[in-house]
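Student: There's a structure below that I have some questions on.
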Number of protein chains: 2
Amino acid sequence: MLGIDWGTSSLRAYRFAPDGRVIGRRDTPRGILTVAPGEFPDTLRAVVGDWIEDGERRILMCGMVGSRQGWQEVPYLPCPAGLDGLAAAAVAVPFPDADVRLLPGLSCRDRHGVPEVMRGEETQMLGAAMGDGETTICLPGSHSKWARVQDGRVIDFTTHLTGEAFAALSAHTILARMMNDRAPHHAGGFERGVARSRQGGGLLRHLFGLRAAALFDEMQEEEAASYLSGLLIGHEVAAALEDGVAPPILLIGADRLTARYGAALAAFGIPHRKADPDAAAHGLWRVASRLA
Amino acid sequence: MLGIDWGTSSLRAYRFAPDGRVIGRRDTPRGILTVAPGEFPDTLRAVVGDWIEDGERRILMCGMVGSRQGWQEVPYLPCPAGLDGLAAAAVAVPFPDADVRLLPGLSCRDRHGVPEVMRGEETQMLGAAMGDGETTICLPGSHSKWARVQDGRVIDFTTHLTGEAFAALSAHTILARMMNDRAPHHAGGFERGVARSRQGGGLLRHLFGLRAAALFDEMQEEEAASYLSGLLIGHEVAAALEDGVAPPILLIGADRLTARYGAALAAFGIPHRKADPDAAAHGLWRVASRLA
């Protein structure tokens, strides 16, 4: 069996042994933004064609490949939803040499009726969540996700535009002049930013404070980008905690990001642990084992 | 007497009769960003040279012209500060045919020690504020200012990066794809954005909600930019109100912006009124009448 986590900017492929062990993995920059309409089958073959020739006949895919800009749009599955629901909603797409299926993403609405969506993160979350009871999962990124997972089902979730806001604000406002965004991570600056997020006044005011501090030589160029990162992540964490969480928070993602979120959570006094980095592979395997 | 409000992107010149009436005005795009170092005297002459030839010998200037990037840096005057303090801190700069003085900006610190700065807005505020007692003034823009003014002195103030955040987020995130930023103002979309800002969850989450609503056809392209504007202004107003205000809020600025802030304040149930559009001129005249 092959499992593919095909997102906006990357394609990660896993090959499984019959017992679920990962026996092959590939990480390529062939995200759906790099694939022209109609070229998804050829792109898939370019990445895992040799595994197919080797006899693999089942391919399960999750992520943005199931969006309107992907191979074929698969409607969102409303929460609460778990592995059985994802398996039942998988959609087969034509592919000559194998049974290829796309998983849906999930949707929910907050108590004000505003919608939320995810594609791919649900598979990572359900691959990482263990046992019964309630877990709060945080999956940081351009669009950070926070989800409540209970008894193997995603109950509901929220999304924060944190990563994209960092990129836009650090490069396209007056803050760009006072920061070196290629500077290495500055732990002290990050901590200052998290601490500031916990003071009153709101994010928009905290953003200008960065500028004013630089005018008084109270913000050095090498710490400013990390301060901004801490400020934004701190505001995200504060908002997520308002919704209530079940510690320890389970963090899923690359070390670089989960370390920052771990530091922010620690500043808030919230215990956390890091998920197995192969969460997506585990989730794909678990869904595949439920497919008819 | 000539008064000049010389900001980042514009230069506004006023000519006063001996009784303080404005008898001439010029509004040019010669903001300090368009002026090379050393060319400030020539630029001033290009804009008001005929008034000088006509006999004007006193010129008072406020705004970013007194910043590090301006004609000459004038240190910030700490709050509380009023007209007398500004007059006493004015700095003369060499200019052959007239007595030219630059006013300082103001600074303060919040209770956590984080600095705030303004240059030019203080002159508008002190030109607009009338009588005794406490007034809360809002001066919207790229860097919106909220100030408490009491008995003719700016007590303290806050700055919100609202206008710049709008520009960066609307053009440089995924939100850019779903909005027409040349669409006319959409009052319904703006109101929806303000209403959303008053619900929990934080600004970063509210930003992603815009994207998700569009995926469900619950956000039209022609209202999205106004929704984003309402969302950001609503978050700014909510943060400012937390600090406590003395209604009615006095709004200073161009109609296009003050109308939006007025609508947001109305949604929060806060009375407001609009200041005389010549607030900067009044402030310059009031300071000039206190100069030695």
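Just remember, in the structure tokens the first chain shown is A, the second B, etc., residues are 1-based per chain, and ligands are 1-based in the order shown.
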Compile a residue-level contact table for chain B against chain A at a cut-off of 9 Å, reporting for every qualifying residue the shortest atom pair and its distance in Å to one decimal, with only C-alpha atoms counted, rows ordered by chain and ascending number, as a tab-separated table.

Tutor:
```
residue	atom	partner	partner_atom	distance
B:His112	CA	A:Gln199	CA	8.0
B:Val114	CA	A:Gly209	CA	6.6
B:Pro115	CA	A:Ala212	CA	5.9
B:Glu116	CA	A:Ala212	CA	5.7
B:Val117	CA	A:Ala212	CA	6.3
B:His143	CA	A:Phe208	CA	7.6
B:Thr158	CA	A:Arg205	CA	7.1
B:Thr159	CA	A:Arg205	CA	5.6
B:His160	CA	A:Arg205	CA	4.1
B:Leu161	CA	A:Leu204	CA	5.1
B:Thr162	CA	A:Leu204	CA	6.0
B:Glu164	CA	A:Thr173	CA	6.0
B:Ala165	CA	A:Leu169	CA	6.8
B:Ala167	CA	A:His172	CA	8.2
B:Ala168	CA	A:His172	CA	5.5
B:Leu169	CA	A:Ala168	CA	6.2
B:Ala171	CA	A:Ala168	CA	8.4
B:His172	CA	A:Ala168	CA	5.5
B:Thr173	CA	A:Glu164	CA	6.0
B:Ile174	CA	A:Glu164	CA	7.9
B:Arg196	CA	A:His112	CA	8.8
B:Gln199	CA	A:His112	CA	8.0
B:Gly200	CA	A:Ala239	CA	7.8
B:Gly201	CA	A:Ala239	CA	5.2
B:Gly202	CA	A:Ala239	CA	5.4
B:Leu203	CA	A:Leu203	CA	7.7
B:Leu204	CA	A:His160	CA	4.9
B:Arg205	CA	A:His160	CA	4.1
B:His206	CA	A:His160	CA	7.5
B:Leu207	CA	A:Leu161	CA	6.3
B:Phe208	CA	A:Leu161	CA	5.4
B:Gly209	CA	A:Val114	CA	6.6
B:Leu210	CA	A:Val114	CA	8.8
B:Arg211	CA	A:Glu116	CA	9.0
B:Ala212	CA	A:Glu116	CA	5.7
B:Ala213	CA	A:Pro115	CA	5.9
B:Leu215	CA	A:Val117	CA	8.8
B:Phe216	CA	A:Pro115	CA	7.8
B:Leu232	CA	A:Leu204	CA	8.2
B:His235	CA	A:Gly202	CA	7.4
B:Glu236	CA	A:Leu204	CA	6.7
B:Ala238	CA	A:Gly202	CA	8.3
B:Ala239	CA	A:Gly201	CA	5.2
B:Ala240	CA	A:Gly201	CA	7.0
B:Glu242	CA	A:Gly201	CA	7.4
B:Asp243	CA	A:Gly201	CA	7.6
```

Student: Name the residues of segment 70-243 of chain B that fall into alpha helix (DSSP H) according to DSSP on the backbone, using the chain letters and numbers of this document, as a PyMOL selection string.

Tutor: chain B and resi 83-89+121-128+162-172+187-197+203-215+221-242

Student: Restricted to C-alpha atoms, what would the selected residues look like written as a tab-separated table (two decimals), in the first residue's frame?

Tutor:
```
chain	number	residue	atom	x	y	z
B	83	LEU	CA	0.82	73.59	23.55
B	84	ASP	CA	3.26	75.35	25.89
B	85	GLY	CA	5.54	72.33	25.99
B	86	LEU	CA	5.54	71.99	22.22
B	87	ALA	CA	6.34	75.68	21.80
B	88	ALA	CA	9.21	75.50	24.30
B	89	ALA	CA	10.70	72.45	22.54
B	121	GLU	CA	-0.79	63.95	15.25
B	122	GLU	CA	-0.22	65.81	18.54
B	123	THR	CA	-0.55	69.13	16.72
B	124	GLN	CA	-3.82	68.00	15.12
B	125	MET	CA	-5.12	66.75	18.46
B	126	LEU	CA	-4.28	69.93	20.34
B	127	GLY	CA	-5.79	71.92	17.47
B	128	ALA	CA	-9.01	69.93	17.67
B	162	THR	CA	-4.27	48.88	11.43
B	163	GLY	CA	-3.90	50.56	8.04
B	164	GLU	CA	-0.59	48.90	7.27
B	165	ALA	CA	-1.87	45.53	8.43
B	166	PHE	CA	-4.84	45.89	6.06
B	167	ALA	CA	-2.55	46.65	3.12
B	168	ALA	CA	-0.16	43.77	3.87
B	169	LEU	CA	-2.82	41.15	4.64
B	170	SER	CA	-5.11	42.05	1.74
B	171	ALA	CA	-2.31	41.96	-0.83
B	172	HIS	CA	0.19	39.39	0.46
B	187	ALA	CA	-21.28	48.77	4.09
B	188	GLY	CA	-22.78	45.32	4.73
B	189	GLY	CA	-19.41	43.59	4.48
B	190	PHE	CA	-17.84	46.19	6.77
B	191	GLU	CA	-20.59	45.66	9.37
B	192	ARG	CA	-20.12	41.89	9.20
B	193	GLY	CA	-16.39	42.36	9.82
B	194	VAL	CA	-16.98	44.63	12.82
B	195	ALA	CA	-19.51	42.16	14.23
B	196	ARG	CA	-17.02	39.31	13.84
B	197	SER	CA	-14.34	41.29	15.68
B	203	LEU	CA	-7.76	38.32	15.09
B	204	LEU	CA	-5.58	35.60	13.53
B	205	ARG	CA	-8.49	33.17	13.58
B	206	HIS	CA	-10.93	35.76	12.29
B	207	LEU	CA	-8.60	36.32	9.32
B	208	PHE	CA	-8.75	32.67	8.29
B	209	GLY	CA	-12.54	32.72	8.73
B	210	LEU	CA	-12.72	35.09	5.77
B	211	ARG	CA	-11.02	32.49	3.60
B	212	ALA	CA	-13.19	29.63	4.84
B	213	ALA	CA	-16.40	31.63	4.34
B	214	ALA	CA	-15.43	32.24	0.72
B	215	LEU	CA	-14.96	28.48	0.18
B	221	GLU	CA	-15.57	39.10	-3.71
B	222	GLU	CA	-17.10	42.59	-3.65
B	223	GLU	CA	-17.59	42.60	0.15
B	224	ALA	CA	-14.41	40.82	1.27
B	225	ALA	CA	-12.11	43.87	1.41
B	226	SER	CA	-14.69	45.85	3.40
B	227	TYR	CA	-15.16	42.86	5.72
B	228	LEU	CA	-11.39	42.76	6.34
B	229	SER	CA	-11.41	46.51	6.98
B	230	GLY	CA	-14.28	46.14	9.47
B	231	LEU	CA	-12.55	43.22	11.16
B	232	LEU	CA	-9.30	45.12	11.71
B	233	ILE	CA	-10.93	48.40	12.72
B	234	GLY	CA	-13.25	46.47	15.04
B	235	HIS	CA	-10.27	44.81	16.74
B	236	GLU	CA	-8.58	48.20	17.08
B	237	VAL	CA	-11.69	49.82	18.59
B	238	ALA	CA	-12.21	46.91	21.00
B	239	ALA	CA	-8.60	47.18	22.19
B	240	ALA	CA	-8.83	50.95	22.56
B	241	LEU	CA	-12.07	50.72	24.54
B	242	GLU	CA	-10.39	48.32	26.97
```

Student: Can you list, as number ranges by chain, every residue of segment 45-208 of chain B that DSSP puts in strand (DSSP E)?

Tutor: B: 58-62, 77-78, 81-82, 91-93, 99-102, 106-109, 115-118, 134-139, 144-150, 153-160

Student: Pick out the closest residue to Gly55 of chain A from this set: A:Leu257, A:Leu102, A:Ala266, A:Met1. Count only C-alpha atoms.

Tutor: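 Smallest distance to Gly55 of chain A is found for A:Met1.
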
Student: Would you pick out the contacts of Pro277 of chain A at 9 Å or less, using only C-alpha atoms, so that residues sharing its chain but fewer than 5 positions from it are not included, and give the list as a list in words?

Tutor: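 Answer for this query is Ala128, Ile252, Gly253, Ala254 and Asp255 of chain A.
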
Student: Could you dump the residues just selected with C-alpha atoms as an mmCIF file, in the first residue's frame?

Tutor:
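Done, and the output landed in out-v6.cif:
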```cif
data_model
loop_
_atom_site.group_PDB
_atom_site.id
_atom_site.type_symbol
_atom_site.label_atom_id
_atom_site.label_comp_id
_atom_site.auth_asym_id
_atom_site.auth_seq_id
_atom_site.Cartn_x
_atom_site.Cartn_y
_atom_site.Cartn_z
ATOM 1 C CA ALA A 128 -1.107 10.910 16.046
ATOM 2 C CA ILE A 252 2.446 17.913 15.257
ATOM 3 C CA GLY A 253 4.946 19.252 12.755
ATOM 4 C CA ALA A 254 8.551 20.048 11.915
ATOM 5 C CA ASP A 255 10.889 20.533 14.884
#
```

Student: Can you pull out every residue within 12 Å of Glu73 of chain A, counting only C-alpha atoms, but drop anything in the same chain fewer than 6 positions away, and send it as a CSV table (one decimal) with N, CA, C and O atoms, in the first residue's frame?

Tutor:
```csv
chain,number,residue,atom,x,y,z
A,62,CYS,N,-4.2,12.0,0.9
A,62,CYS,CA,-4.9,13.1,1.6
A,62,CYS,C,-4.3,14.4,1.3
A,62,CYS,O,-3.2,14.5,0.8
A,63,GLY,N,-5.0,15.5,1.7
A,63,GLY,CA,-4.4,16.8,1.6
A,63,GLY,C,-5.1,17.6,0.5
A,63,GLY,O,-6.2,17.3,0.0
A,64,MET,N,-4.4,18.7,0.1
A,64,MET,CA,-5.0,19.6,-0.9
A,64,MET,C,-5.2,19.0,-2.3
A,64,MET,O,-5.8,19.7,-3.1
A,65,VAL,N,-4.7,17.8,-2.5
A,65,VAL,CA,-4.9,17.1,-3.8
A,65,VAL,C,-6.4,16.9,-3.9
A,65,VAL,O,-6.9,16.7,-5.1
A,66,GLY,N,-7.2,16.9,-2.9
A,66,GLY,CA,-8.6,16.7,-2.9
A,66,GLY,C,-9.4,18.1,-3.0
A,66,GLY,O,-10.6,18.1,-2.8
A,67,SER,N,-8.7,19.2,-3.2
A,67,SER,CA,-9.3,20.5,-3.2
A,67,SER,C,-9.7,20.9,-4.7
A,67,SER,O,-9.3,20.2,-5.6
A,90,ALA,N,-14.0,8.4,1.1
A,90,ALA,CA,-12.9,8.4,0.1
A,90,ALA,C,-13.5,8.3,-1.3
A,90,ALA,O,-14.5,7.6,-1.5
A,91,VAL,N,-12.9,9.0,-2.3
A,91,VAL,CA,-13.4,9.0,-3.7
A,91,VAL,C,-12.3,8.4,-4.6
A,91,VAL,O,-11.1,8.8,-4.5
A,92,ALA,N,-12.7,7.5,-5.4
A,92,ALA,CA,-11.8,6.8,-6.4
A,92,ALA,C,-11.6,7.8,-7.6
A,92,ALA,O,-12.6,8.4,-8.0
A,93,VAL,N,-10.4,7.9,-8.1
A,93,VAL,CA,-10.1,8.6,-9.3
A,93,VAL,C,-9.5,7.7,-10.3
A,93,VAL,O,-8.8,6.7,-9.9
A,101,ARG,N,-7.4,6.5,-4.4
A,101,ARG,CA,-8.5,7.1,-3.7
A,101,ARG,C,-8.0,8.4,-3.0
A,101,ARG,O,-6.9,8.5,-2.4
A,102,LEU,N,-8.9,9.4,-3.0
A,102,LEU,CA,-8.7,10.7,-2.4
A,102,LEU,C,-9.5,10.8,-1.1
A,102,LEU,O,-10.7,10.5,-1.2
A,103,LEU,N,-8.9,11.2,0.0
A,103,LEU,CA,-9.7,11.5,1.2
A,103,LEU,C,-10.3,12.9,1.2
A,103,LEU,O,-9.7,13.8,0.7
A,104,PRO,N,-11.4,13.0,1.9
A,104,PRO,CA,-12.0,14.4,2.0
A,104,PRO,C,-11.2,15.1,3.1
A,104,PRO,O,-10.5,14.5,3.9
A,105,GLY,N,-11.4,16.4,3.2
A,105,GLY,CA,-11.0,17.2,4.3
A,105,GLY,C,-12.1,17.3,5.3
A,105,GLY,O,-13.2,16.6,5.1
A,119,ARG,N,-7.6,20.3,5.2
A,119,ARG,CA,-7.4,19.2,4.2
A,119,ARG,C,-6.0,18.6,4.5
A,119,ARG,O,-5.0,19.3,4.2
```

Student: List the spatial neighbours of Ile52 of chain A as a ChimeraX atom specification - criterion: any atom at most 12 Å away, only C-alpha atoms, same-chain residues fewer than 2 positions off excluded.

Tutor: /A:1-2,15,44-50,54-59,95-100

Student: Taking into account only C-alpha atoms, which residue in the set A:Tyr76, A:Phe268, A:Trp6, A:Tyr261 is nearest to Leu60 of chain A?

Tutor: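 Comparing A:Tyr76, A:Phe268, A:Trp6, A:Tyr261 against Leu60 of chain A, the winner is A:Trp6.
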
Student: Hey, which of B:Val154, B:Leu11, B:Leu106, B:Val22 ends up closest to Val35 of chain B? Count only C-alpha atoms.

Tutor: B:Leu11

Student: Calculated over only C-alpha atoms, which of the candidates A:Ala36, A:Ala13, A:Leu250, A:Ala176 has the smallest distance to Ile270 of chain A?

Tutor: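 Residue with the minimum atom-to-atom distance to Ile270 of chain A: A:Leu250.
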
Student: I'd like to know which of A:Asp217, A:Asp276, A:Asp156, A:Asp19 is closest to Cys79 of chain A, using only C-alpha atoms.

Tutor: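 Smallest separation from Cys79 of chain A among the options: A:Asp156.
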